[in-house]
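Quick notes on the structure that follows.
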Amino acid sequence: MRKPVIAGNWKMYKLLAEAVDTALALKPLLANANHCEVVIAPVFTAIKTVADRLEGSNIGVAAQNCATEIEQGAHTGEVTATMLRDAGARYVIVGHSERRQFYCETDAMVSKKCEAALAASLKVIVCVGESLEQREQGTAERVVGGQLSGGLSGLTASDLDRIIVAYEPVWAIGTGRTASPEQAQEMHAFIRRVFADRYTDQASEELRILYGGSVKPDNIAALMSQADIDGALVGGASLQPDSFAKIVNYGRQ
């Protein structure tokens, strides 16, 4: 049975003291949340301090990005996956639509980042998703399929137990719009078929696929009721401890 993952992507928010306060506030709120993996992704500058404060808790720490390079070197402004693990991260998010849209990240770069993260023994949350224009043109599955093929090109079946896919329709990120549970389920089922065709039925069944895009306490239960939705990558609603705790504890209040 696939264990759900609820991950909070803090994006470029929270100074160090704010990040620590939020992490410490989450600890008691989520102390009994053993039904899922809980992950938070602070900014680079807060990873070490937040990870130290959460040591021994059931909350894992993720980085929001990593370098394509595996080895240290003359790459100003970059951070290797090994450095992230050294700072306390155990997960990393790669290929987020904001990275693709605003920082020109390609599928080839996503693939290299996946390989670098796996080499550092990090779990990788790989983001895919179509724009509103692509959905309206009827090419959503082709776009997402291409992102999976290009972004995971270097992976083997043995890597898949450390890969988590996050489907985030670009038109639903930060807009207040959310794909209906049925729309999300349709794409999640498609992603699972892609993995079955590329790898094995078993690998497909074990793959965890998260939904991201304006996830809130009032829509998480409906999303999680779908057969192929295994959790959520939460943006804005993860910045407030009470809101994020309600999402993590969906159906348990």
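Within each chain, counting starts at residue 1; across the structure tokens, chains are named A, B, ... in the order shown, with ligands numbered 1 upward in that order.
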
What are the nearest atom pairs, with distances in Å to one decimal, for all residues of segment 137-197 of chain A that come at most 7 Å from segment 206-219 of chain A, using only C-alpha atoms, set out by chain and rising residue number as CSV?
residue,atom,partner,partner_atom,distance
A:Ile164,CA,A:Arg208,CA,5.4
A:Val165,CA,A:Ile209,CA,4.8
A:Ala166,CA,A:Leu210,CA,4.4
A:Tyr167,CA,A:Tyr211,CA,5.1
A:Glu168,CA,A:Gly212,CA,4.6
A:Pro169,CA,A:Gly213,CA,6.5
A:Ala172,CA,A:Gly213,CA,4.7
A:Ile173,CA,A:Gly213,CA,4.3
A:Gly174,CA,A:Ser214,CA,5.9
A:Thr175,CA,A:Ser214,CA,6.9
A:Gly176,CA,A:Ser214,CA,5.4
A:Arg177,CA,A:Ser214,CA,6.3
A:Thr178,CA,A:Ser214,CA,5.6
A:His188,CA,A:Ile209,CA,6.7

For Ile6 of chain A, list every protein, DNA or RNA residue within 9 Å, evaluated using only C-alpha atoms, and leave out those in the same chain fewer than 6 positions away; present the list as an mmCIF file with N, CA and C atoms, in the first residue's frame.
data_model
loop_
_atom_site.group_PDB
_atom_site.id
_atom_site.type_symbol
_atom_site.label_atom_id
_atom_site.label_comp_id
_atom_site.auth_asym_id
_atom_site.auth_seq_id
_atom_site.Cartn_x
_atom_site.Cartn_y
_atom_site.Cartn_z
ATOM 1 N N CYS A 36 1.093 9.357 7.127
ATOM 2 C CA CYS A 36 1.721 9.845 5.900
ATOM 3 C C CYS A 36 3.130 10.334 6.209
ATOM 4 N N GLU A 37 3.916 10.523 5.164
ATOM 5 C CA GLU A 37 5.205 11.201 5.305
ATOM 6 C C GLU A 37 4.939 12.693 5.239
ATOM 7 N N VAL A 38 5.515 13.433 6.166
ATOM 8 C CA VAL A 38 5.366 14.884 6.189
ATOM 9 C C VAL A 38 6.712 15.511 5.866
ATOM 10 N N VAL A 39 6.700 16.462 4.943
ATOM 11 C CA VAL A 39 7.925 17.103 4.480
ATOM 12 C C VAL A 39 7.689 18.605 4.395
ATOM 13 N N ILE A 40 8.688 19.392 4.792
ATOM 14 C CA ILE A 40 8.638 20.829 4.556
ATOM 15 C C ILE A 40 9.903 21.242 3.814
ATOM 16 N N LEU A 210 1.774 12.894 -6.257
ATOM 17 C CA LEU A 210 1.146 13.948 -5.465
ATOM 18 C C LEU A 210 0.442 14.936 -6.381
ATOM 19 N N ASP A 230 -1.792 10.305 -4.187
ATOM 20 C CA ASP A 230 -1.107 9.761 -3.016
ATOM 21 C C ASP A 230 -0.574 10.842 -2.086
ATOM 22 N N GLY A 231 -1.100 12.035 -2.193
ATOM 23 C CA GLY A 231 -0.634 13.105 -1.334
ATOM 24 C C GLY A 231 -0.682 14.431 -2.054
ATOM 25 N N ALA A 232 0.008 15.415 -1.484
ATOM 26 C CA ALA A 232 -0.067 16.766 -2.032
ATOM 27 C C ALA A 232 1.251 17.495 -1.854
ATOM 28 N N LEU A 233 1.557 18.344 -2.823
ATOM 29 C CA LEU A 233 2.635 19.317 -2.713
ATOM 30 C C LEU A 233 1.947 20.658 -2.514
ATOM 31 N N VAL A 234 2.068 21.194 -1.319
ATOM 32 C CA VAL A 234 1.270 22.347 -0.883
ATOM 33 C C VAL A 234 2.133 23.597 -0.920
ATOM 34 N N ILE A 247 -4.274 20.162 6.604
ATOM 35 C CA ILE A 247 -4.100 19.414 5.362
ATOM 36 C C ILE A 247 -3.482 18.051 5.651
ATOM 37 N N VAL A 248 -2.433 18.050 6.454
ATOM 38 C CA VAL A 248 -1.774 16.777 6.787
ATOM 39 C C VAL A 248 -2.751 15.829 7.469
#

- Item | For Phe190 of chain A: contacts at 10 Å, only C-alpha atoms, fewer than 5 positions along chain excluded, given as a PyMOL selection string | chain A and resi 141+144-145+184-185+195-196+228

Store the residues of this selection in a file with all heavy atoms, as a PDB file, in the first residue's frame.
ATOM      1  N   GLU A 141      -1.816  15.667 -21.801  1.00  0.00           N
ATOM      2  CA  GLU A 141      -1.154  14.376 -21.592  1.00  0.00           C
ATOM      3  C   GLU A 141       0.147  14.292 -22.378  1.00  0.00           C
ATOM      4  O   GLU A 141       1.141  13.748 -21.882  1.00  0.00           O
ATOM      5  CB  GLU A 141      -2.092  13.228 -21.963  1.00  0.00           C
ATOM      6  CG  GLU A 141      -3.230  13.039 -20.978  1.00  0.00           C
ATOM      7  CD  GLU A 141      -4.029  11.776 -21.235  1.00  0.00           C
ATOM      8  OE1 GLU A 141      -3.770  11.087 -22.254  1.00  0.00           O
ATOM      9  OE2 GLU A 141      -4.917  11.470 -20.417  1.00  0.00           O
ATOM     10  N   VAL A 144       2.754  16.386 -20.377  1.00  0.00           N
ATOM     11  CA  VAL A 144       3.184  15.719 -19.146  1.00  0.00           C
ATOM     12  C   VAL A 144       3.985  14.455 -19.463  1.00  0.00           C
ATOM     13  O   VAL A 144       5.017  14.178 -18.836  1.00  0.00           O
ATOM     14  CB  VAL A 144       1.970  15.402 -18.257  1.00  0.00           C
ATOM     15  CG1 VAL A 144       2.365  14.504 -17.087  1.00  0.00           C
ATOM     16  CG2 VAL A 144       1.355  16.706 -17.727  1.00  0.00           C
ATOM     17  N   GLY A 145       3.533  13.711 -20.460  1.00  0.00           N
ATOM     18  CA  GLY A 145       4.277  12.527 -20.872  1.00  0.00           C
ATOM     19  C   GLY A 145       5.679  12.876 -21.332  1.00  0.00           C
ATOM     20  O   GLY A 145       6.653  12.168 -21.017  1.00  0.00           O
ATOM     21  N   ALA A 184      -7.780  15.843 -11.710  1.00  0.00           N
ATOM     22  CA  ALA A 184      -6.501  15.424 -11.134  1.00  0.00           C
ATOM     23  C   ALA A 184      -6.336  13.915 -11.230  1.00  0.00           C
ATOM     24  O   ALA A 184      -5.271  13.416 -11.618  1.00  0.00           O
ATOM     25  CB  ALA A 184      -6.405  15.888  -9.685  1.00  0.00           C
ATOM     26  N   GLN A 185      -7.382  13.181 -10.900  1.00  0.00           N
ATOM     27  CA  GLN A 185      -7.320  11.727 -10.964  1.00  0.00           C
ATOM     28  C   GLN A 185      -7.022  11.240 -12.378  1.00  0.00           C
ATOM     29  O   GLN A 185      -6.222  10.314 -12.573  1.00  0.00           O
ATOM     30  CB  GLN A 185      -8.635  11.123 -10.460  1.00  0.00           C
ATOM     31  CG  GLN A 185      -8.864   9.652 -10.806  1.00  0.00           C
ATOM     32  CD  GLN A 185      -7.795   8.723 -10.257  1.00  0.00           C
ATOM     33  OE1 GLN A 185      -7.142   9.026  -9.269  1.00  0.00           O
ATOM     34  NE2 GLN A 185      -7.615   7.581 -10.902  1.00  0.00           N
ATOM     35  N   PHE A 195       4.376   5.104 -16.395  1.00  0.00           N
ATOM     36  CA  PHE A 195       5.386   4.345 -15.660  1.00  0.00           C
ATOM     37  C   PHE A 195       5.239   2.846 -15.893  1.00  0.00           C
ATOM     38  O   PHE A 195       6.237   2.116 -15.964  1.00  0.00           O
ATOM     39  CB  PHE A 195       5.312   4.667 -14.169  1.00  0.00           C
ATOM     40  CG  PHE A 195       6.162   5.842 -13.776  1.00  0.00           C
ATOM     41  CD1 PHE A 195       5.775   7.140 -14.085  1.00  0.00           C
ATOM     42  CD2 PHE A 195       7.358   5.659 -13.115  1.00  0.00           C
ATOM     43  CE1 PHE A 195       6.556   8.225 -13.751  1.00  0.00           C
ATOM     44  CE2 PHE A 195       8.155   6.743 -12.756  1.00  0.00           C
ATOM     45  CZ  PHE A 195       7.755   8.025 -13.087  1.00  0.00           C
ATOM     46  N   ALA A 196       4.013   2.374 -16.024  1.00  0.00           N
ATOM     47  CA  ALA A 196       3.805   0.952 -16.312  1.00  0.00           C
ATOM     48  C   ALA A 196       4.376   0.594 -17.675  1.00  0.00           C
ATOM     49  O   ALA A 196       5.023  -0.456 -17.837  1.00  0.00           O
ATOM     50  CB  ALA A 196       2.319   0.615 -16.254  1.00  0.00           C
ATOM     51  N   ASP A 228      -5.688   7.357  -7.432  1.00  0.00           N
ATOM     52  CA  ASP A 228      -4.286   7.488  -7.808  1.00  0.00           C
ATOM     53  C   ASP A 228      -3.608   8.731  -7.249  1.00  0.00           C
ATOM     54  O   ASP A 228      -2.483   9.052  -7.628  1.00  0.00           O
ATOM     55  CB  ASP A 228      -4.164   7.475  -9.338  1.00  0.00           C
ATOM     56  CG  ASP A 228      -4.469   6.102  -9.915  1.00  0.00           C
ATOM     57  OD1 ASP A 228      -3.707   5.164  -9.630  1.00  0.00           O
ATOM     58  OD2 ASP A 228      -5.482   5.966 -10.632  1.00  0.00           O
TER      59      ASP A 228
END

- Task: Would you please give, as a VMD selection string, all residues of segment 7-233 of chain A that DSSP assigns to strand (DSSP E or B) based on the backbone?
- Result: chain A and resid 7 to 9 37 to 41 59 to 63 91 to 94 123 to 128 163 to 167 208 to 212 231 to 233

Only N, CA and C atoms, please: the residues just picked out, written as a JSON list (two decimals), in the first residue's frame.
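Full text of part36.json as output:
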[["chain", "number", "residue", "atom", "x", "y", "z"],
["A", 7, "ALA", "N", 3.74, 17.36, 1.39],
["A", 7, "ALA", "CA", 4.94, 18.19, 1.40],
["A", 7, "ALA", "C", 4.56, 19.65, 1.29],
["A", 8, "GLY", "N", 5.18, 20.47, 2.10],
["A", 8, "GLY", "CA", 4.95, 21.90, 2.07],
["A", 8, "GLY", "C", 6.12, 22.63, 1.44],
["A", 9, "ASN", "N", 5.87, 23.28, 0.31],
["A", 9, "ASN", "CA", 6.90, 24.05, -0.40],
["A", 9, "ASN", "C", 6.78, 25.51, 0.02],
["A", 37, "GLU", "N", 3.92, 10.52, 5.16],
["A", 37, "GLU", "CA", 5.20, 11.20, 5.30],
["A", 37, "GLU", "C", 4.94, 12.69, 5.24],
["A", 38, "VAL", "N", 5.52, 13.43, 6.17],
["A", 38, "VAL", "CA", 5.37, 14.88, 6.19],
["A", 38, "VAL", "C", 6.71, 15.51, 5.87],
["A", 39, "VAL", "N", 6.70, 16.46, 4.94],
["A", 39, "VAL", "CA", 7.93, 17.10, 4.48],
["A", 39, "VAL", "C", 7.69, 18.60, 4.40],
["A", 40, "ILE", "N", 8.69, 19.39, 4.79],
["A", 40, "ILE", "CA", 8.64, 20.83, 4.56],
["A", 40, "ILE", "C", 9.90, 21.24, 3.81],
["A", 41, "ALA", "N", 9.77, 22.23, 2.93],
["A", 41, "ALA", "CA", 10.88, 22.68, 2.10],
["A", 41, "ALA", "C", 11.13, 24.17, 2.33],
["A", 59, "ILE", "N", 8.88, 14.91, 10.89],
["A", 59, "ILE", "CA", 8.83, 15.88, 9.79],
["A", 59, "ILE", "C", 10.18, 15.88, 9.08],
["A", 60, "GLY", "N", 10.16, 15.56, 7.78],
["A", 60, "GLY", "CA", 11.38, 15.58, 6.99],
["A", 60, "GLY", "C", 11.59, 16.93, 6.34],
["A", 61, "VAL", "N", 12.82, 17.19, 5.96],
["A", 61, "VAL", "CA", 13.17, 18.48, 5.35],
["A", 61, "VAL", "C", 13.60, 18.25, 3.90],
["A", 62, "ALA", "N", 13.09, 19.10, 3.03],
["A", 62, "ALA", "CA", 13.44, 19.06, 1.61],
["A", 62, "ALA", "C", 14.09, 20.37, 1.20],
["A", 63, "ALA", "N", 14.93, 20.29, 0.17],
["A", 63, "ALA", "CA", 15.39, 21.48, -0.52],
["A", 63, "ALA", "C", 14.47, 21.74, -1.70],
["A", 91, "TYR", "N", 15.10, 15.19, 1.16],
["A", 91, "TYR", "CA", 14.31, 15.25, -0.06],
["A", 91, "TYR", "C", 14.76, 16.47, -0.86],
["A", 92, "VAL", "N", 14.46, 16.47, -2.15],
["A", 92, "VAL", "CA", 14.66, 17.68, -2.94],
["A", 92, "VAL", "C", 13.57, 17.75, -4.00],
["A", 93, "ILE", "N", 13.06, 18.96, -4.24],
["A", 93, "ILE", "CA", 12.07, 19.21, -5.28],
["A", 93, "ILE", "C", 12.81, 19.62, -6.55],
["A", 94, "VAL", "N", 12.51, 18.99, -7.67],
["A", 94, "VAL", "CA", 13.13, 19.39, -8.93],
["A", 94, "VAL", "C", 12.06, 19.58, -10.00],
["A", 123, "LYS", "N", 15.64, 11.58, -1.61],
["A", 123, "LYS", "CA", 14.40, 11.29, -2.31],
["A", 123, "LYS", "C", 14.07, 12.50, -3.18],
["A", 124, "VAL", "N", 13.54, 12.25, -4.37],
["A", 124, "VAL", "CA", 13.32, 13.33, -5.33],
["A", 124, "VAL", "C", 11.84, 13.48, -5.62],
["A", 125, "ILE", "N", 11.34, 14.71, -5.45],
["A", 125, "ILE", "CA", 9.97, 15.04, -5.83],
["A", 125, "ILE", "C", 10.06, 15.75, -7.18],
["A", 126, "VAL", "N", 9.67, 15.05, -8.24],
["A", 126, "VAL", "CA", 9.79, 15.55, -9.60],
["A", 126, "VAL", "C", 8.46, 16.16, -10.03],
["A", 127, "CYS", "N", 8.46, 17.43, -10.39],
["A", 127, "CYS", "CA", 7.23, 18.13, -10.74],
["A", 127, "CYS", "C", 6.99, 18.12, -12.25],
["A", 128, "VAL", "N", 5.75, 17.89, -12.63],
["A", 128, "VAL", "CA", 5.32, 17.96, -14.02],
["A", 128, "VAL", "C", 3.97, 18.66, -14.06],
["A", 163, "ILE", "N", 11.81, 8.00, -6.03],
["A", 163, "ILE", "CA", 11.19, 9.02, -6.88],
["A", 163, "ILE", "C", 9.73, 9.20, -6.49],
["A", 164, "ILE", "N", 9.33, 10.45, -6.32],
["A", 164, "ILE", "CA", 7.94, 10.82, -6.10],
["A", 164, "ILE", "C", 7.59, 11.82, -7.20],
["A", 165, "VAL", "N", 6.48, 11.62, -7.87],
["A", 165, "VAL", "CA", 6.06, 12.56, -8.91],
["A", 165, "VAL", "C", 4.99, 13.49, -8.35],
["A", 166, "ALA", "N", 5.11, 14.78, -8.65],
["A", 166, "ALA", "CA", 4.09, 15.75, -8.26],
["A", 166, "ALA", "C", 3.48, 16.34, -9.53],
["A", 167, "TYR", "N", 2.19, 16.09, -9.72],
["A", 167, "TYR", "CA", 1.49, 16.69, -10.85],
["A", 167, "TYR", "C", 0.94, 18.03, -10.41],
["A", 208, "ARG", "N", 4.44, 6.88, -5.97],
["A", 208, "ARG", "CA", 3.57, 7.84, -5.29],
["A", 208, "ARG", "C", 3.48, 9.11, -6.12],
["A", 209, "ILE", "N", 2.25, 9.53, -6.39],
["A", 209, "ILE", "CA", 2.00, 10.70, -7.23],
["A", 209, "ILE", "C", 1.21, 11.72, -6.41],
["A", 210, "LEU", "N", 1.77, 12.89, -6.26],
["A", 210, "LEU", "CA", 1.15, 13.95, -5.47],
["A", 210, "LEU", "C", 0.44, 14.94, -6.38],
["A", 211, "TYR", "N", -0.56, 15.58, -5.83],
["A", 211, "TYR", "CA", -1.21, 16.68, -6.56],
["A", 211, "TYR", "C", -0.77, 18.00, -5.94],
["A", 212, "GLY", "N", -0.49, 18.98, -6.78],
["A", 212, "GLY", "CA", -0.15, 20.32, -6.31],
["A", 212, "GLY", "C", -0.88, 21.37, -7.12],
["A", 231, "GLY", "N", -1.10, 12.04, -2.19],
["A", 231, "GLY", "CA", -0.63, 13.11, -1.33],
["A", 231, "GLY", "C", -0.68, 14.43, -2.05],
["A", 232, "ALA", "N", 0.01, 15.42, -1.48],
["A", 232, "ALA", "CA", -0.07, 16.77, -2.03],
["A", 232, "ALA", "C", 1.25, 17.49, -1.85],
["A", 233, "LEU", "N", 1.56, 18.34, -2.82],
["A", 233, "LEU", "CA", 2.63, 19.32, -2.71],
["A", 233, "LEU", "C", 1.95, 20.66, -2.51]]

- Message: One number please: atom CA of Ser149 of chain A to atom CA of Val194 of chain A, in Å, one decimal.
- Response: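 Distance between the two atoms: 8.8 Å.
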
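Atom CA of Gly56 of chain A to atom CA of Asn249 of chain A spans 19.8 Å [interatomic distance, one decimal].
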